[in-house]
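Student: Sending over work30.txt (compact mmCIF, C-alpha atoms).
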# COMPACT_ATOMS: atom_id res chain seq x y z
CA MET A 393 0.00 0.00 0.00
CA SER A 394 2.80 2.45 0.89
CA THR A 395 4.36 2.07 -2.59
CA PHE A 396 1.00 2.93 -4.06
CA TRP A 397 0.79 6.18 -2.07
CA LEU A 398 4.39 7.05 -2.93
CA THR A 399 3.50 6.73 -6.59
CA ILE A 400 0.38 8.85 -6.19
CA ASN A 401 2.38 11.52 -4.33
CA ALA A 402 5.07 11.53 -7.01
CA LEU A 403 2.48 11.91 -9.77
CA PHE A 404 0.80 14.68 -7.80
CA ASP A 405 4.13 16.51 -7.48
CA ILE A 406 4.75 16.19 -11.21
CA PHE A 407 1.27 17.47 -11.92
CA ASN A 408 1.79 20.50 -9.63
CA PHE A 409 5.08 21.18 -11.28
CA MET A 410 3.50 21.02 -14.72
CA VAL A 411 0.77 23.47 -13.80
CA GLU A 412 3.29 25.89 -12.34
CA TYR A 413 5.76 25.35 -15.12
CA LYS A 414 3.42 25.81 -17.99
CA HIS A 415 1.27 28.66 -16.69
CA ASP A 416 -1.68 26.55 -17.68
CA LYS A 417 -4.36 29.19 -17.21
CA ASN A 418 -2.51 31.58 -19.47
CA LEU A 419 -2.20 28.87 -22.11
CA THR A 420 -5.93 28.10 -21.94
CA GLU A 421 -6.76 31.75 -22.58
CA LEU A 422 -4.28 31.91 -25.43
CA LEU A 423 -5.61 28.80 -27.15
CA LYS A 424 -9.20 29.97 -26.76
CA ALA A 425 -8.31 33.28 -28.40
CA MET A 426 -6.58 31.37 -31.19
CA SER A 427 -9.48 28.98 -31.76
CA ASP A 428 -11.21 31.30 -34.25
CA THR A 429 -10.27 31.50 -37.95
CA THR A 430 -10.66 35.29 -38.24
CA ARG A 431 -8.60 35.91 -35.10
CA ARG A 432 -5.85 33.62 -36.39
CA ALA A 433 -5.87 35.48 -39.72
CA LEU A 434 -5.66 38.83 -37.89
CA LEU A 435 -2.79 37.56 -35.78
CA THR A 436 -0.94 36.22 -38.83
CA GLN A 437 -1.36 39.56 -40.56
CA LEU A 438 -0.12 41.49 -37.50
CA CYS A 439 2.89 39.23 -36.97
CA GLN A 440 3.95 39.31 -40.63
CA GLN A 441 3.08 42.91 -41.57
CA GLY A 442 3.70 44.67 -38.24
CA ALA A 443 1.51 47.14 -36.37
CA SER A 444 -1.68 48.14 -38.24
CA ARG A 445 -4.68 50.42 -37.81
CA VAL A 446 -7.98 48.74 -36.93
CA THR A 447 -9.60 50.24 -40.03
CA ASP A 448 -6.84 48.87 -42.29
CA LEU A 449 -7.16 45.44 -40.75
CA ALA A 450 -10.93 45.46 -41.24
CA GLU A 451 -10.58 46.14 -44.96
CA HIS A 452 -9.27 42.62 -45.53
CA TYR A 453 -12.38 40.96 -44.15
CA ASP A 454 -15.92 40.70 -45.30
CA MET A 455 -17.09 41.79 -41.86
CA SER A 456 -18.24 44.94 -40.13
CA LEU A 457 -15.69 47.13 -38.35
CA ASN A 458 -17.58 46.35 -35.18
CA ALA A 459 -17.14 42.60 -35.63
CA ILE A 460 -13.40 43.02 -36.28
CA SER A 461 -13.10 45.26 -33.21
CA LYS A 462 -14.67 42.52 -31.11
CA HIS A 463 -12.15 39.98 -32.38
CA ILE A 464 -9.29 42.37 -31.64
CA LYS A 465 -10.61 42.88 -28.11
CA THR A 466 -10.55 39.10 -27.57
CA LEU A 467 -6.94 38.99 -28.77
CA GLU A 468 -6.14 41.95 -26.50
CA LYS A 469 -7.67 40.20 -23.49
CA ALA A 470 -5.41 37.20 -24.09
CA LYS A 471 -2.51 39.68 -24.41
CA LEU A 472 -1.78 38.37 -27.91
CA VAL A 473 -1.99 41.92 -29.25
CA ARG A 474 -1.45 45.37 -27.74
CA ARG A 475 -3.21 48.61 -28.54
CA LYS A 476 -1.28 51.85 -28.87
CA THR A 477 -3.11 55.12 -29.31
CA ILE A 478 -1.15 57.78 -31.15
CA GLY A 479 -3.21 60.94 -31.56
CA ARG A 480 -6.65 59.65 -32.46
CA ILE A 481 -5.45 56.57 -34.24
CA HIS A 482 -5.48 53.13 -32.63
CA TRP A 483 -2.57 50.94 -33.67
CA ILE A 484 -2.66 47.22 -33.00
CA GLU A 485 0.55 45.22 -32.69
CA ALA A 486 1.22 41.54 -32.07
CA ASN A 487 2.76 40.55 -28.71
CA LEU A 488 5.36 38.03 -29.77
CA ASN A 489 6.18 37.05 -26.15
CA GLN A 490 2.72 35.56 -25.67
CA ILE A 491 2.98 33.70 -28.95
CA LYS A 492 6.21 32.15 -27.69
CA VAL A 493 4.28 30.64 -24.75
CA VAL A 494 2.20 28.64 -27.24
CA GLU A 495 5.24 27.81 -29.33
CA LYS A 496 7.01 26.50 -26.22
CA TRP A 497 4.09 24.25 -25.37
CA PHE A 498 4.00 22.82 -28.89
CA SER A 499 7.73 22.14 -28.69
CA GLU A 500 7.10 20.07 -25.54
CA LEU A 501 4.67 17.71 -27.29
CA LYS A 502 7.39 15.14 -27.73
CA SER A 503 8.36 11.86 -26.20
CA ILE A 504 10.40 12.29 -23.01
CA TRP A 505 13.19 10.48 -24.85
CA GLU A 506 13.23 13.13 -27.56
CA LEU A 507 13.37 15.85 -24.90
CA ARG A 508 16.29 14.03 -23.25
CA LEU A 509 18.11 13.81 -26.59
CA ASP A 510 17.53 17.54 -27.14
CA LYS A 511 19.08 18.18 -23.74
CA LEU A 512 22.03 15.90 -24.57
CA ASP A 513 22.66 17.84 -27.79
CA GLU A 514 22.55 21.09 -25.83
CA LEU A 515 25.06 19.68 -23.30
CA MET A 516 27.46 18.52 -26.01
CA LYS A 517 27.37 21.96 -27.65
CA GLY A 518 28.04 23.73 -24.33
CA ASP A 519 30.95 21.38 -23.74
CA PHE A 520 32.56 22.40 -27.02
CA LYS A 521 32.46 26.06 -26.05
CA ASN A 522 34.47 25.22 -22.94
CA ASP A 523 37.07 23.20 -24.86
CA MET B 697 2.61 -10.80 -25.56
CA THR B 698 2.21 -7.38 -27.12
CA ASP B 699 4.95 -4.78 -27.57
CA LEU B 700 4.68 -1.02 -27.53
CA THR B 701 7.54 0.86 -29.17
CA VAL B 702 8.66 4.47 -29.12
CA ASN B 703 11.18 5.37 -31.84
CA VAL B 704 13.13 8.61 -31.80
CA ASN B 705 15.93 9.81 -34.09
CA LYS B 706 18.13 12.75 -33.27
CA VAL B 707 21.31 14.20 -34.74
CA ILE B 708 23.73 15.29 -32.01
CA ASN B 709 26.45 17.77 -32.92
CA ALA B 710 29.38 15.89 -31.41
CA PRO B 711 31.74 13.02 -32.33
CA ILE B 712 30.33 9.50 -32.05
CA GLU B 713 32.63 8.37 -29.18
CA LYS B 714 31.73 11.40 -27.13
CA VAL B 715 27.99 10.89 -27.68
CA PHE B 716 28.28 7.20 -26.80
CA ASP B 717 30.31 7.88 -23.65
CA ALA B 718 27.72 10.40 -22.45
CA TRP B 719 25.33 7.46 -21.91
CA LEU B 720 27.69 5.70 -19.51
CA ASP B 721 29.12 8.72 -17.67
CA PRO B 722 27.10 9.39 -14.49
CA LYS B 723 28.05 13.08 -14.51
CA VAL B 724 26.63 13.63 -18.01
CA LEU B 725 23.65 11.27 -17.46
CA SER B 726 22.58 13.27 -14.40
CA LYS B 727 22.25 16.33 -16.62
CA PHE B 728 20.02 14.96 -19.36
CA MET B 729 18.07 12.06 -17.82
CA MET B 730 15.36 14.12 -16.20
CA PRO B 731 11.62 13.47 -15.79
CA MET B 732 10.77 16.73 -17.61
CA PRO B 733 12.68 19.66 -19.06
CA GLY B 734 13.88 22.30 -16.65
CA MET B 735 13.93 20.03 -13.59
CA ALA B 736 16.76 19.37 -11.13
CA GLU B 737 19.70 17.12 -11.97
CA SER B 738 19.28 13.41 -11.26
CA ASP B 739 21.46 11.22 -9.03
CA VAL B 740 23.16 8.48 -11.01
CA GLN B 741 24.98 5.33 -9.88
CA ASN B 742 26.12 2.86 -12.49
CA TYR B 743 28.39 -0.08 -13.14
CA ALA B 744 29.11 0.42 -16.83
CA GLN B 745 29.68 -3.18 -17.92
CA GLU B 746 27.50 -5.73 -19.67
CA GLY B 747 25.41 -7.25 -16.88
CA GLY B 748 26.09 -4.24 -14.66
CA SER B 749 23.20 -2.22 -13.32
CA PHE B 750 22.35 1.44 -12.88
CA THR B 751 20.03 3.61 -10.82
CA ILE B 752 18.93 7.04 -11.93
CA THR B 753 17.00 8.90 -9.25
CA MET B 754 15.12 11.76 -10.83
CA HIS B 755 13.72 14.62 -8.80
CA ALA B 756 10.30 16.16 -9.38
CA GLY B 757 9.51 18.80 -6.79
CA GLY B 758 10.01 16.97 -3.48
CA ALA B 759 9.49 13.51 -4.94
CA LYS B 760 12.21 11.03 -5.85
CA LEU B 761 11.55 8.97 -8.96
CA PRO B 762 13.97 6.06 -9.18
CA HIS B 763 14.64 4.43 -12.54
CA THR B 764 16.70 1.28 -12.72
CA GLY B 765 18.10 -1.02 -15.34
CA ARG B 766 20.84 -3.37 -16.42
CA TYR B 767 23.25 -3.08 -19.35
CA ILE B 768 22.55 -5.87 -21.85
CA GLU B 769 24.93 -4.81 -24.63
CA ILE B 770 27.76 -2.27 -24.59
CA ASN B 771 29.38 -2.03 -28.01
CA ARG B 772 31.33 1.24 -28.11
CA PRO B 773 30.64 3.40 -30.08
CA ASP B 774 27.87 1.72 -32.16
CA LYS B 775 25.27 0.24 -29.89
CA LEU B 776 23.98 0.32 -26.33
CA VAL B 777 21.11 -1.76 -24.96
CA PHE B 778 19.75 -1.61 -21.43
CA THR B 779 16.65 -2.64 -19.54
CA TRP B 780 14.56 0.21 -18.19
CA ALA B 781 12.13 0.17 -15.29
CA SER B 782 10.54 3.19 -13.69
CA HIS B 783 9.08 3.45 -10.20
CA CYS B 784 5.52 3.15 -11.46
CA SER B 785 5.78 0.71 -14.37
CA VAL B 786 4.78 -2.91 -13.95
CA ASP B 787 5.90 -3.99 -17.41
CA ASN B 788 9.43 -4.77 -18.55
CA SER B 789 11.07 -2.58 -21.11
CA THR B 790 14.35 -2.21 -22.98
CA VAL B 791 16.00 0.78 -24.57
CA THR B 792 18.20 0.26 -27.64
CA LEU B 793 20.47 3.03 -28.87
CA ASN B 794 22.12 2.85 -32.29
CA PHE B 795 24.84 5.41 -32.94
CA THR B 796 25.79 6.35 -36.52
CA LYS B 797 28.66 8.61 -37.48
CA LEU B 798 27.42 11.20 -40.01
CA ALA B 799 30.50 13.44 -39.91
CA GLU B 800 33.42 14.13 -37.57
CA ASP B 801 31.16 16.24 -35.33
CA LYS B 802 27.75 14.76 -36.18
CA THR B 803 26.23 11.62 -34.75
CA ASN B 804 22.77 10.18 -35.27
CA ILE B 805 21.13 8.44 -32.33
CA GLY B 806 18.37 6.00 -33.14
CA LEU B 807 16.52 5.29 -29.91
CA SER B 808 13.97 2.54 -29.55
CA HIS B 809 12.11 2.00 -26.29
CA ILE B 810 10.16 -1.25 -26.29
CA LYS B 811 7.66 -2.09 -23.58
CA PHE B 812 6.78 -5.73 -23.22
CA ILE B 813 3.22 -5.93 -22.06
CA ASP B 814 3.35 -9.13 -20.14
CA GLU B 815 0.02 -10.78 -19.40
CA GLU B 816 1.56 -12.47 -16.39
CA SER B 817 2.75 -9.25 -14.74
CA ARG B 818 -0.59 -7.68 -15.50
CA SER B 819 -2.50 -10.45 -13.77
CA ASP B 820 0.00 -10.28 -10.85
CA HIS B 821 -0.82 -6.63 -10.55
CA GLU B 822 -4.52 -7.33 -10.64
CA GLY B 823 -3.91 -10.08 -8.11
CA GLY B 824 -2.31 -7.49 -5.84
CA TRP B 825 -5.39 -5.35 -5.96
CA THR B 826 -7.71 -8.30 -5.41
CA ASN B 827 -5.77 -9.20 -2.28
CA ILE B 828 -5.87 -5.63 -0.99
CA LEU B 829 -9.62 -5.46 -1.52
CA LYS B 830 -10.08 -8.86 0.07
CA ALA B 831 -8.09 -7.77 3.13
CA LEU B 832 -10.08 -4.55 3.31
CA ASN B 833 -13.33 -6.48 3.11
CA GLU B 834 -12.20 -8.79 5.91
CA ALA B 835 -11.09 -5.88 8.06
CA LEU B 836 -14.44 -4.15 7.65
CA SER B 837 -16.73 -7.13 8.08
Could you render the structure as structure tokens?
Tutor:
Amino acid sequence: MSTFWLTINALFDIFNFMVEYKHDKNLTELLKAMSDTTRRALLTQLCQQGASRVTDLAEHYDMSLNAISKHIKTLEKAKLVRRKTIGRIHWIEANLNQIKVVEKWFSELKSIWELRLDKLDELMKGDFKND
Amino acid sequence: MTDLTVNVNKVINAPIEKVFDAWLDPKVLSKFMMPMPGMAESDVQNYAQEGGSFTITMHAGGAKLPHTGRYIEINRPDKLVFTWASHCSVDNSTVTLNFTKLAEDKTNIGLSHIKFIDEESRSDHEGGWTNILKALNEALS
């Protein structure tokens, strides 16, 4: 019985670590914001073309300015984009740091053996620098 | 008997001997044999000979996760085979590493982790639970 509880405790510790490590709540918000086709298209456009005005963004879509604004607000809430007001004009820019959170999670969807081999490669490289 | 296999290939930017030796050197092993990325270094004890055994104690938060095995084949620098058992697995498994020299400073590792799903160990495990439940039932009645 004690081995059983040890195992449960160990799994619980790993789970806690994962939650802490991966900022799970943040990731949930990010993935929700990214679950919509229009929002993904907006984000792609902002990442590739740089900061844009809301009105310019809206021109690319067969949607009302109001609908586009709503999508941008959702992206803003997830901190995937930032709004900067210069004069009367609202500029929207992508927040690449938040996108990296998602990228990092995708990069962890690997077998533990692959992650260990990645780490080994990193170690071998570091070793060469010291040589 | 059914087998479950995980295959991974990875090119390591280092000479083949160096990559091979990393798998038998406790100091290097402790740095890359972790339960998840970003976690503390493991404690490693090994007797690096065919038939020799090893223990890798990984750390996850406050928990210790021992992994043990025995070297089946050590063929420097081409091939390494060892058995692999974790603290929570009931099934036997072996890890086979094939090293291929691609260039002076480039080595491919072909890793194959095979789990042998043994009906006998499974029924032993179930037997364990049956006995626990039986004991519980007796204690309560």
Student: Between atom CA of Val494 of chain A and atom CA of Lys476 of chain A, what is the distance, to one decimal in Å?
Tutor: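 Going from atom CA of Val494 of chain A over to atom CA of Lys476 of chain A covers 23.5 Å.
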Student: Show which residues sit within 8 Å of segment 427-438 of chain A, as a PDB file with C-alpha atoms, in the coordinates of the input. Count all atoms listed in the file, and ignore same-chain residues fewer than 2 positions away.
Tutor:
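And here's around_23.pdb as it stands now:
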ATOM      1  CA  LEU A 423      -5.610  28.800 -27.150  1.00  0.00           C
ATOM      2  CA  LYS A 424      -9.200  29.970 -26.760  1.00  0.00           C
ATOM      3  CA  ALA A 425      -8.310  33.280 -28.400  1.00  0.00           C
ATOM      4  CA  GLN A 440       3.950  39.310 -40.630  1.00  0.00           C
ATOM      5  CA  GLN A 441       3.080  42.910 -41.570  1.00  0.00           C
ATOM      6  CA  GLY A 442       3.700  44.670 -38.240  1.00  0.00           C
ATOM      7  CA  ALA A 443       1.510  47.140 -36.370  1.00  0.00           C
ATOM      8  CA  SER A 444      -1.680  48.140 -38.240  1.00  0.00           C
ATOM      9  CA  LEU A 449      -7.160  45.440 -40.750  1.00  0.00           C
ATOM     10  CA  HIS A 463     -12.150  39.980 -32.380  1.00  0.00           C
ATOM     11  CA  ILE A 464      -9.290  42.370 -31.640  1.00  0.00           C
ATOM     12  CA  LEU A 467      -6.940  38.990 -28.770  1.00  0.00           C
ATOM     13  CA  LEU A 472      -1.780  38.370 -27.910  1.00  0.00           C
ATOM     14  CA  VAL A 473      -1.990  41.920 -29.250  1.00  0.00           C
ATOM     15  CA  ILE A 484      -2.660  47.220 -33.000  1.00  0.00           C
ATOM     16  CA  GLU A 485       0.550  45.220 -32.690  1.00  0.00           C
ATOM     17  CA  ALA A 486       1.220  41.540 -32.070  1.00  0.00           C
TER      18      ALA A 486
END
Student: From the list A:Lys502, A:Arg475, A:Lys465, A:Arg508, which residue is nearest Pro733 of chain B when using only C-alpha atoms?
Tutor: A:Arg508
Student: Suppose you want the space between atom CA of Cys439 of chain A and atom CA of Asp510 of chain A; what is it in Å?
Tutor: 28.0 Å
Student: When you draw a straight line from atom CA of Ile805 of chain B to atom CA of Ile708 of chain B, how long is it in Å?
Tutor: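 Going from atom CA of Ile805 of chain B over to atom CA of Ile708 of chain B, I get 7.3 Å.
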Student: Find the residues with any atom within 9 Å of (12.4, 14.3, -23.2); use only C-alpha atoms and the coordinates as given in the file, and write the answer as a ChimeraX atom specification.
Tutor: /A:500,502-511 /B:728-733
Student: What residues in chain B have any atom no more than 8 Å from chain A when counting only C-alpha atoms, and can you write them as a ChimeraX atom specification?
Tutor: /B:702,704-710,715,727-733,756-761,783-784,807
Student: Counting all atoms listed in the file, figure out which residue out of B:Ile810, B:Met754, B:Asp739, B:Pro773 gets nearest to Thr796 of chain B.
Tutor: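 Selected residue with least distance to Thr796 of chain B: B:Pro773.
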Student: Hey, which of A:Asp416, A:Glu468, A:Glu451, A:Glu421 ends up closest to Trp497 of chain A? Count all atoms listed in the file.
Tutor: A:Asp416
Student: Taking 2 positions as the minimum chain separation for residues in the same chain, which residues sit within 12 Å of Val493 of chain A when counting only C-alpha atoms? Answer as a list of chain:residue names.
Tutor: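 So the residues in contact are A:Tyr413, A:Lys414, A:His415, A:Asp416, A:Lys417, A:Asn418, A:Leu419, A:Thr420, A:Glu421, A:Leu422, A:Leu423, A:Ala470, A:Lys471, A:Leu472, A:Asn487, A:Leu488, A:Asn489, A:Gln490, A:Ile491, A:Glu495, A:Lys496, A:Trp497, A:Phe498, A:Ser499, A:Glu500.
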Student: The residues within 10 Å of (22.9, -4.0, -9.9), using only C-alpha atoms and the coordinates of the file, should be reported as an NGL selection string; which are they?
Tutor: :B and (741-743 or 747-751 or 764-767)
